[in-house]
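Novice: Below is a structure I'd like to ask you about.
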Amino acid sequence: MDPAFTILYVKGDEGPNLIAVECRGGLVTVNESSAANGQASCTDLEKLHVFGFGGDDTITLTGFAPDRSGASGLAFDQYGSQPEFSVSGGEGNDILRGDATDETFSGGPGDDVLTAPGALAALMFGGPGNDQLFGKSLLVDLMAGGPGNDRIGGSTGFSVGLGGDGANTIVGGRLSDFAVGGRGQDKLVGKAGRDALFGQAGRDAIFGGAGDDTLVGGRWRDRLRGGPGRDKEFPGGLPHRGRKHLPGFAQIFGGSDRVVAVSSRLLKRLTR
């Protein structure tokens, strides 16, 4: 295979786009046609970048999810290293969906819907607008809504949810969660696991669920409810030197080296 095709770019145009990228029979296809004249192999793929640009786009990635049988054609090492996938919707009300191993979704301006069912890990940016971000990955979801009234939800793994400006609803997954509401009237729900939930500004409702949770309100009269477990509640915000009351990143994620490693790799993209 030509080494030039280890990095693949797929671009739409300013109109509404329907882009379906799939790993099929060991090769990458775009809208059921072989990419790069049939020379883009799933096995040798290092990076895949998909751009929708303007319009209401629907972009899907399928066939790239981790598979115990190796059917996806993607290789994983002991540190969770795998190809890097990114999808950008651009302006418009976009629908972005992918099952890739390690992916970054960016909705852009507009009311976007982002999901990553079956992915190993996902980093999601909603952008301006009333967005819906549903991680659904197997290991960890890092989700940032941006300005607007956003709905953010985790699934089977660990989750980090950032609401931004607006009235946000952030619901965690089955394991431990870290969530920050923002400036609006937010609702944060931790569910099971050891959760750390921060309402910030606005009159917020914060529910820890089962597990040993840390709930932090703000200057407004926030409603805090921990649930079963040994919880710490700070309705008016953290006290002086309050960081000592907070669980560490590794503690929230249960001390899992793999989760911390994957999360750290995704977080580095926030500062690029």
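By order in the structure tokens, chains are A, B, ...; within a chain, residues start at 1; ligands start at 1, following the order shown.
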For stretch 31-40 of chain A, find every residue with an atom within 12 Å (counting only C-alpha atoms), except residues of its own chain fewer than 6 positions away, and show them as a list in words.

Specialist: Met1, Asp2, Pro3, Ala4, Phe5, Thr6, Ile7, Leu8, Tyr9, Val10, Gly12, Asn17, Leu18, Ile19, Ala20, Val21, Glu22, Cys23, Arg24, Gly25, Glu46, Lys47, Leu48, Thr58, Ile59, Thr60, Leu61 and Thr62 of chain A

Novice: Need the shell around A:Gly108: protein/DNA/RNA residues with any atom at most 7 Å away, counting only C-alpha atoms. Skip same-chain ones fewer than 3 positions apart. Format as a list in words?

Specialist: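 Contacts, with the query itself left out: Gly89, Gly90, Glu91, Gly126, Gly127 and Pro128 of chain A.
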
Novice: Write out, as a PDB file, in the first residue's frame, the residues just selected, with N, CA and C atoms.

Specialist:
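The result, written out as selection.pdb:
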ATOM      1  N   GLY A  89     -18.483  18.808  11.793  1.00  0.00           N
ATOM      2  CA  GLY A  89     -19.704  19.086  11.046  1.00  0.00           C
ATOM      3  C   GLY A  89     -19.728  20.459  10.402  1.00  0.00           C
ATOM      4  N   GLY A  90     -19.089  21.462  11.044  1.00  0.00           N
ATOM      5  CA  GLY A  90     -19.154  22.831  10.541  1.00  0.00           C
ATOM      6  C   GLY A  90     -20.495  23.474  10.888  1.00  0.00           C
ATOM      7  N   GLU A  91     -20.822  24.564  10.204  1.00  0.00           N
ATOM      8  CA  GLU A  91     -22.077  25.254  10.476  1.00  0.00           C
ATOM      9  C   GLU A  91     -23.270  24.410  10.037  1.00  0.00           C
ATOM     10  N   GLY A 126     -19.633  20.242  21.251  1.00  0.00           N
ATOM     11  CA  GLY A 126     -20.892  20.603  20.610  1.00  0.00           C
ATOM     12  C   GLY A 126     -20.809  21.912  19.850  1.00  0.00           C
ATOM     13  N   GLY A 127     -20.131  22.930  20.440  1.00  0.00           N
ATOM     14  CA  GLY A 127     -20.065  24.250  19.832  1.00  0.00           C
ATOM     15  C   GLY A 127     -21.304  25.071  20.151  1.00  0.00           C
ATOM     16  N   PRO A 128     -21.424  26.278  19.597  1.00  0.00           N
ATOM     17  CA  PRO A 128     -22.602  27.111  19.845  1.00  0.00           C
ATOM     18  C   PRO A 128     -23.879  26.443  19.354  1.00  0.00           C
TER      19      PRO A 128
END

Novice: Taking only C-alpha atoms into account, name the residue in A:Asp222, A:Asp99, A:Asp112, A:Asp195 that is nearest to A:Val171.

Specialist: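 Among the listed residues, A:Asp195 lies closest to A:Val171.
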
Novice: Which neighbours of stretch 141-146 of chain A fall inside 7 Å, counting only C-alpha atoms, when residues of the same chain fewer than 4 positions from it are skipped, and could you give them as a tab-separated table (two decimals) with C-alpha atoms, in the first residue's frame?

Specialist:
chain	number	residue	atom	x	y	z
A	121	ALA	CA	-13.16	6.45	23.73
A	122	ALA	CA	-14.65	9.71	22.49
A	123	LEU	CA	-13.94	13.45	22.76
A	124	MET	CA	-16.93	15.62	21.78
A	125	PHE	CA	-17.36	19.37	21.24
A	126	GLY	CA	-20.89	20.60	20.61
A	127	GLY	CA	-20.06	24.25	19.83
A	128	PRO	CA	-22.60	27.11	19.84
A	131	ASP	CA	-26.56	20.36	21.29
A	133	LEU	CA	-23.95	14.77	23.15
A	135	GLY	CA	-20.95	9.34	24.53
A	137	SER	CA	-18.30	4.59	24.30
A	150	ASP	CA	-27.12	21.31	25.95
A	154	GLY	CA	-22.60	9.15	29.37
A	158	PHE	CA	-16.53	6.74	32.63
A	159	SER	CA	-17.58	10.24	31.60
A	160	VAL	CA	-16.50	13.88	31.82
A	161	GLY	CA	-19.20	16.44	30.94
A	162	LEU	CA	-18.73	20.21	30.58
A	163	GLY	CA	-21.85	22.28	30.01
A	164	GLY	CA	-20.66	25.83	29.26
A	165	ASP	CA	-23.09	28.76	29.06

Novice: From stretch 9-257 of chain A, collect each residue whose DSSP state is strand (DSSP E) and return the set as a PyMOL selection string.

Specialist: chain A and resi 9-11+18-24+27-30+33-34+47-51+58-62+84-88+95-98+102-106+113-115+121-125+132-134+140-144+151-153+158-162+169-171+177-180+187-189+196-198+205-207+214-216+223-225+232-234

Novice: Of the residues A:Gly218, A:Pro16, A:Gly209, A:Gly157, which is the one nearest to A:Asp186, using only C-alpha atoms?

Specialist: A:Gly218

Novice: Can you tell me, as a PDB file with N, CA, C and O atoms, in the first residue's frame, what residues are no more than 6 Å from A:Gly172 when counting only C-alpha atoms, ignoring any on the same chain fewer than 3 positions away?

Specialist:
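For reference, out22.pdb as written:
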ATOM      1  N   GLY A 153     -24.854  13.175  27.934  1.00  0.00           N
ATOM      2  CA  GLY A 153     -25.075  11.920  28.633  1.00  0.00           C
ATOM      3  C   GLY A 153     -23.970  10.918  28.406  1.00  0.00           C
ATOM      4  O   GLY A 153     -23.487  10.760  27.281  1.00  0.00           O
ATOM      5  N   GLY A 154     -23.559  10.241  29.472  1.00  0.00           N
ATOM      6  CA  GLY A 154     -22.598   9.155  29.367  1.00  0.00           C
ATOM      7  C   GLY A 154     -23.317   7.840  29.134  1.00  0.00           C
ATOM      8  O   GLY A 154     -24.509   7.794  28.857  1.00  0.00           O
ATOM      9  N   ASP A 177     -18.240   9.680  37.307  1.00  0.00           N
ATOM     10  CA  ASP A 177     -18.423  10.832  36.427  1.00  0.00           C
ATOM     11  C   ASP A 177     -17.804  12.087  37.025  1.00  0.00           C
ATOM     12  O   ASP A 177     -17.722  12.252  38.248  1.00  0.00           O
ATOM     13  N   GLY A 190     -25.374  12.168  38.615  1.00  0.00           N
ATOM     14  CA  GLY A 190     -24.193  11.313  38.589  1.00  0.00           C
ATOM     15  C   GLY A 190     -24.476   9.846  38.354  1.00  0.00           C
ATOM     16  O   GLY A 190     -23.650   9.139  37.802  1.00  0.00           O
TER      17      GLY A 190
END

Novice: Please provide as an mmCIF file with C-alpha atoms, in the first residue's frame all residues within 8 Å of A:Arg225, with the sequence filter that same-chain residues fewer than 4 positions apart are discarded (counting only C-alpha atoms).

Specialist:
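The resulting file, out_36.cif, is shown below:
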data_model
loop_
_atom_site.group_PDB
_atom_site.id
_atom_site.type_symbol
_atom_site.label_atom_id
_atom_site.label_comp_id
_atom_site.auth_asym_id
_atom_site.auth_seq_id
_atom_site.Cartn_x
_atom_site.Cartn_y
_atom_site.Cartn_z
ATOM 1 C CA ILE A 206 -27.263 18.292 41.509
ATOM 2 C CA PHE A 207 -27.945 14.604 42.198
ATOM 3 C CA GLY A 208 -25.095 12.232 43.002
ATOM 4 C CA GLY A 209 -26.875 8.882 42.896
#

Novice: Using only C-alpha atoms, which protein or nucleic acid residues come within 6 Å of A:Arg194? Drop anything in the same chain fewer than 2 positions from it, and give the result as a list in words.

Specialist: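 Once the adjacent positions are removed, what remains is Ser176, Gly211, Asp212, Asp213 and Ile252 of chain A.
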
Novice: I'd like the interatomic distance between atom CA of A:Thr29 and atom CA of A:Glu103, to a tenth of an Å.

Specialist: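 Spanning atom CA of A:Thr29 to atom CA of A:Glu103 is a straight-line distance of 17.7 Å.
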
Novice: For a quick check of understanding, using only C-alpha atoms, which of A:Arg174, A:Val189, A:Gly118, A:Lys232 has the smallest distance to A:Arg151?

Specialist: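 Ranking A:Arg174, A:Val189, A:Gly118, A:Lys232 by distance to A:Arg151, first place goes to A:Val189.
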
Novice: So what do you get for atom CA of A:Leu120 versus atom CA of A:Ser88, distance-wise?

Specialist: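 The value is 18.9 Å.
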
Novice: Identify, on the basis of only C-alpha atoms, every residue whose closest approach to A:Gly92 does not exceed 7 Å; exclude the query and any residue fewer than 5 positions from it along the same chain; express the result as a PyMOL selection string.

Specialist: chain A and resi 54-56+109-110

Novice: Please dump the current selection as a PDB file, in the first residue's frame; keep N, CA, C and O atoms.

Specialist:
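For reference, selection_34.pdb as written:
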ATOM      1  N   GLY A  54     -20.442  23.566   5.582  1.00  0.00           N
ATOM      2  CA  GLY A  54     -21.741  24.172   5.837  1.00  0.00           C
ATOM      3  C   GLY A  54     -22.888  23.222   5.559  1.00  0.00           C
ATOM      4  O   GLY A  54     -22.731  22.145   4.974  1.00  0.00           O
ATOM      5  N   GLY A  55     -24.110  23.649   5.986  1.00  0.00           N
ATOM      6  CA  GLY A  55     -25.296  22.830   5.751  1.00  0.00           C
ATOM      7  C   GLY A  55     -25.560  21.859   6.884  1.00  0.00           C
ATOM      8  O   GLY A  55     -24.752  21.692   7.799  1.00  0.00           O
ATOM      9  N   ASP A  56     -26.724  21.235   6.821  1.00  0.00           N
ATOM     10  CA  ASP A  56     -27.111  20.240   7.825  1.00  0.00           C
ATOM     11  C   ASP A  56     -26.567  18.885   7.396  1.00  0.00           C
ATOM     12  O   ASP A  56     -27.144  18.199   6.541  1.00  0.00           O
ATOM     13  N   PRO A 109     -21.154  25.506  14.956  1.00  0.00           N
ATOM     14  CA  PRO A 109     -22.380  26.269  15.204  1.00  0.00           C
ATOM     15  C   PRO A 109     -23.611  25.521  14.707  1.00  0.00           C
ATOM     16  O   PRO A 109     -23.598  24.932  13.625  1.00  0.00           O
ATOM     17  N   GLY A 110     -24.684  25.554  15.503  1.00  0.00           N
ATOM     18  CA  GLY A 110     -25.910  24.854  15.141  1.00  0.00           C
ATOM     19  C   GLY A 110     -26.333  23.882  16.225  1.00  0.00           C
ATOM     20  O   GLY A 110     -25.607  23.634  17.192  1.00  0.00           O
TER      21      GLY A 110
END

Novice: Find the residue from A:Thr169, A:Leu175, A:Gly199, A:Gly229 that sits nearest to A:Lys187; use only C-alpha atoms when measuring.

Specialist: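 Among A:Thr169, A:Leu175, A:Gly199, A:Gly229, it is A:Thr169 that comes nearest to A:Lys187.
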
Novice: Considering only helix (DSSP H, G or I) as DSSP defines it on the backbone, what residues of stretch 19-256 of chain A qualify? List them as a ChimeraX atom specification.

Specialist: /A:35-38,242-245,249-252

Novice: Residues of the last selection are to be written out with all heavy atoms, as a PDB file, in the first residue's frame.

Specialist:
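selection_16.pdb, freshly written:
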ATOM      1  N   ALA A  35     -12.265   4.218  -1.081  1.00  0.00           N
ATOM      2  CA  ALA A  35     -11.488   5.456  -0.961  1.00  0.00           C
ATOM      3  C   ALA A  35     -10.102   5.264  -1.560  1.00  0.00           C
ATOM      4  O   ALA A  35      -9.537   4.168  -1.512  1.00  0.00           O
ATOM      5  CB  ALA A  35     -11.379   5.857   0.499  1.00  0.00           C
ATOM      6  N   ALA A  36      -9.555   6.337  -2.126  1.00  0.00           N
ATOM      7  CA  ALA A  36      -8.199   6.332  -2.676  1.00  0.00           C
ATOM      8  C   ALA A  36      -7.986   5.186  -3.660  1.00  0.00           C
ATOM      9  O   ALA A  36      -6.966   4.502  -3.630  1.00  0.00           O
ATOM     10  CB  ALA A  36      -7.168   6.275  -1.558  1.00  0.00           C
ATOM     11  N   ASN A  37      -8.980   4.974  -4.526  1.00  0.00           N
ATOM     12  CA  ASN A  37      -8.885   3.940  -5.557  1.00  0.00           C
ATOM     13  C   ASN A  37      -8.601   2.557  -4.973  1.00  0.00           C
ATOM     14  O   ASN A  37      -7.864   1.749  -5.550  1.00  0.00           O
ATOM     15  CB  ASN A  37      -7.796   4.300  -6.584  1.00  0.00           C
ATOM     16  CG  ASN A  37      -8.136   5.562  -7.350  1.00  0.00           C
ATOM     17  OD1 ASN A  37      -9.296   5.783  -7.709  1.00  0.00           O
ATOM     18  ND2 ASN A  37      -7.134   6.402  -7.590  1.00  0.00           N
ATOM     19  N   GLY A  38      -9.192   2.302  -3.802  1.00  0.00           N
ATOM     20  CA  GLY A  38      -9.037   0.988  -3.187  1.00  0.00           C
ATOM     21  C   GLY A  38      -7.722   0.768  -2.491  1.00  0.00           C
ATOM     22  O   GLY A  38      -7.389  -0.370  -2.142  1.00  0.00           O
ATOM     23  N   GLY A 242     -10.296  24.263  49.463  1.00  0.00           N
ATOM     24  CA  GLY A 242     -11.245  23.173  49.298  1.00  0.00           C
ATOM     25  C   GLY A 242     -10.779  22.049  48.402  1.00  0.00           C
ATOM     26  O   GLY A 242     -11.412  20.999  48.333  1.00  0.00           O
ATOM     27  N   ARG A 243      -9.666  22.229  47.699  1.00  0.00           N
ATOM     28  CA  ARG A 243      -9.211  21.165  46.804  1.00  0.00           C
ATOM     29  C   ARG A 243      -8.886  19.875  47.537  1.00  0.00           C
ATOM     30  O   ARG A 243      -8.939  18.794  46.954  1.00  0.00           O
ATOM     31  CB  ARG A 243      -7.969  21.638  46.028  1.00  0.00           C
ATOM     32  CG  ARG A 243      -8.266  22.703  44.978  1.00  0.00           C
ATOM     33  CD  ARG A 243      -7.024  23.004  44.160  1.00  0.00           C
ATOM     34  NE  ARG A 243      -7.303  23.994  43.132  1.00  0.00           N
ATOM     35  CZ  ARG A 243      -6.391  24.443  42.264  1.00  0.00           C
ATOM     36  NH1 ARG A 243      -5.144  23.984  42.333  1.00  0.00           N
ATOM     37  NH2 ARG A 243      -6.722  25.325  41.351  1.00  0.00           N
ATOM     38  N   LYS A 244      -8.544  19.986  48.822  1.00  0.00           N
ATOM     39  CA  LYS A 244      -8.224  18.773  49.579  1.00  0.00           C
ATOM     40  C   LYS A 244      -9.449  17.872  49.737  1.00  0.00           C
ATOM     41  O   LYS A 244      -9.314  16.689  50.047  1.00  0.00           O
ATOM     42  CB  LYS A 244      -7.659  19.138  50.939  1.00  0.00           C
ATOM     43  CG  LYS A 244      -8.665  19.805  51.877  1.00  0.00           C
ATOM     44  CD  LYS A 244      -8.038  20.148  53.211  1.00  0.00           C
ATOM     45  CE  LYS A 244      -9.052  20.801  54.151  1.00  0.00           C
ATOM     46  NZ  LYS A 244      -8.441  21.126  55.459  1.00  0.00           N
ATOM     47  N   HIS A 245     -10.650  18.443  49.532  1.00  0.00           N
ATOM     48  CA  HIS A 245     -11.868  17.658  49.639  1.00  0.00           C
ATOM     49  C   HIS A 245     -12.208  16.916  48.341  1.00  0.00           C
ATOM     50  O   HIS A 245     -13.130  16.115  48.323  1.00  0.00           O
ATOM     51  CB  HIS A 245     -13.057  18.564  50.002  1.00  0.00           C
ATOM     52  CG  HIS A 245     -12.895  19.263  51.319  1.00  0.00           C
ATOM     53  ND1 HIS A 245     -13.078  18.622  52.530  1.00  0.00           N
ATOM     54  CD2 HIS A 245     -12.557  20.546  51.606  1.00  0.00           C
ATOM     55  CE1 HIS A 245     -12.877  19.491  53.516  1.00  0.00           C
ATOM     56  NE2 HIS A 245     -12.563  20.656  52.987  1.00  0.00           N
ATOM     57  N   PHE A 249      -8.093  12.625  39.867  1.00  0.00           N
ATOM     58  CA  PHE A 249      -8.558  12.108  38.580  1.00  0.00           C
ATOM     59  C   PHE A 249      -8.532  10.587  38.578  1.00  0.00           C
ATOM     60  O   PHE A 249      -9.486   9.932  38.167  1.00  0.00           O
ATOM     61  CB  PHE A 249      -7.660  12.675  37.480  1.00  0.00           C
ATOM     62  CG  PHE A 249      -8.238  12.547  36.101  1.00  0.00           C
ATOM     63  CD1 PHE A 249      -9.453  13.124  35.797  1.00  0.00           C
ATOM     64  CD2 PHE A 249      -7.564  11.867  35.102  1.00  0.00           C
ATOM     65  CE1 PHE A 249     -10.000  13.017  34.522  1.00  0.00           C
ATOM     66  CE2 PHE A 249      -8.089  11.756  33.831  1.00  0.00           C
ATOM     67  CZ  PHE A 249      -9.304  12.331  33.544  1.00  0.00           C
ATOM     68  N   ALA A 250      -7.446  10.016  39.088  1.00  0.00           N
ATOM     69  CA  ALA A 250      -7.334   8.555  39.120  1.00  0.00           C
ATOM     70  C   ALA A 250      -8.340   7.946  40.093  1.00  0.00           C
ATOM     71  O   ALA A 250      -8.849   6.844  39.868  1.00  0.00           O
ATOM     72  CB  ALA A 250      -5.917   8.144  39.495  1.00  0.00           C
ATOM     73  N   GLN A 251      -8.642   8.667  41.190  1.00  0.00           N
ATOM     74  CA  GLN A 251      -9.614   8.152  42.150  1.00  0.00           C
ATOM     75  C   GLN A 251     -11.014   8.111  41.550  1.00  0.00           C
ATOM     76  O   GLN A 251     -11.762   7.158  41.751  1.00  0.00           O
ATOM     77  CB  GLN A 251      -9.614   9.015  43.407  1.00  0.00           C
ATOM     78  CG  GLN A 251      -8.367   8.864  44.263  1.00  0.00           C
ATOM     79  CD  GLN A 251      -8.413   9.791  45.459  1.00  0.00           C
ATOM     80  OE1 GLN A 251      -8.497  11.003  45.325  1.00  0.00           O
ATOM     81  NE2 GLN A 251      -8.369   9.211  46.643  1.00  0.00           N
ATOM     82  N   ILE A 252     -11.377   9.164  40.802  1.00  0.00           N
ATOM     83  CA  ILE A 252     -12.690   9.206  40.177  1.00  0.00           C
ATOM     84  C   ILE A 252     -12.849   8.041  39.210  1.00  0.00           C
ATOM     85  O   ILE A 252     -13.899   7.403  39.135  1.00  0.00           O
ATOM     86  CB  ILE A 252     -12.894  10.543  39.435  1.00  0.00           C
ATOM     87  CG1 ILE A 252     -12.932  11.704  40.430  1.00  0.00           C
ATOM     88  CG2 ILE A 252     -14.181  10.530  38.617  1.00  0.00           C
ATOM     89  CD1 ILE A 252     -12.955  13.054  39.787  1.00  0.00           C
TER      90      ILE A 252
END

Novice: With only C-alpha atoms as the atoms that count, which of A:Glu84, A:Ala201, A:Asp231, A:Ala196 lies nearest to A:Ala179?

Specialist: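 With only C-alpha atoms as the atom set, the closest residue is A:Ala196.
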
Novice: What does the distance from atom CA of A:Gln132 to atom CA of A:Ile152 come to in Å, to one decimal?

Specialist: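 Straight-line distance from atom CA of A:Gln132 to atom CA of A:Ile152 works out to 5.9 Å.
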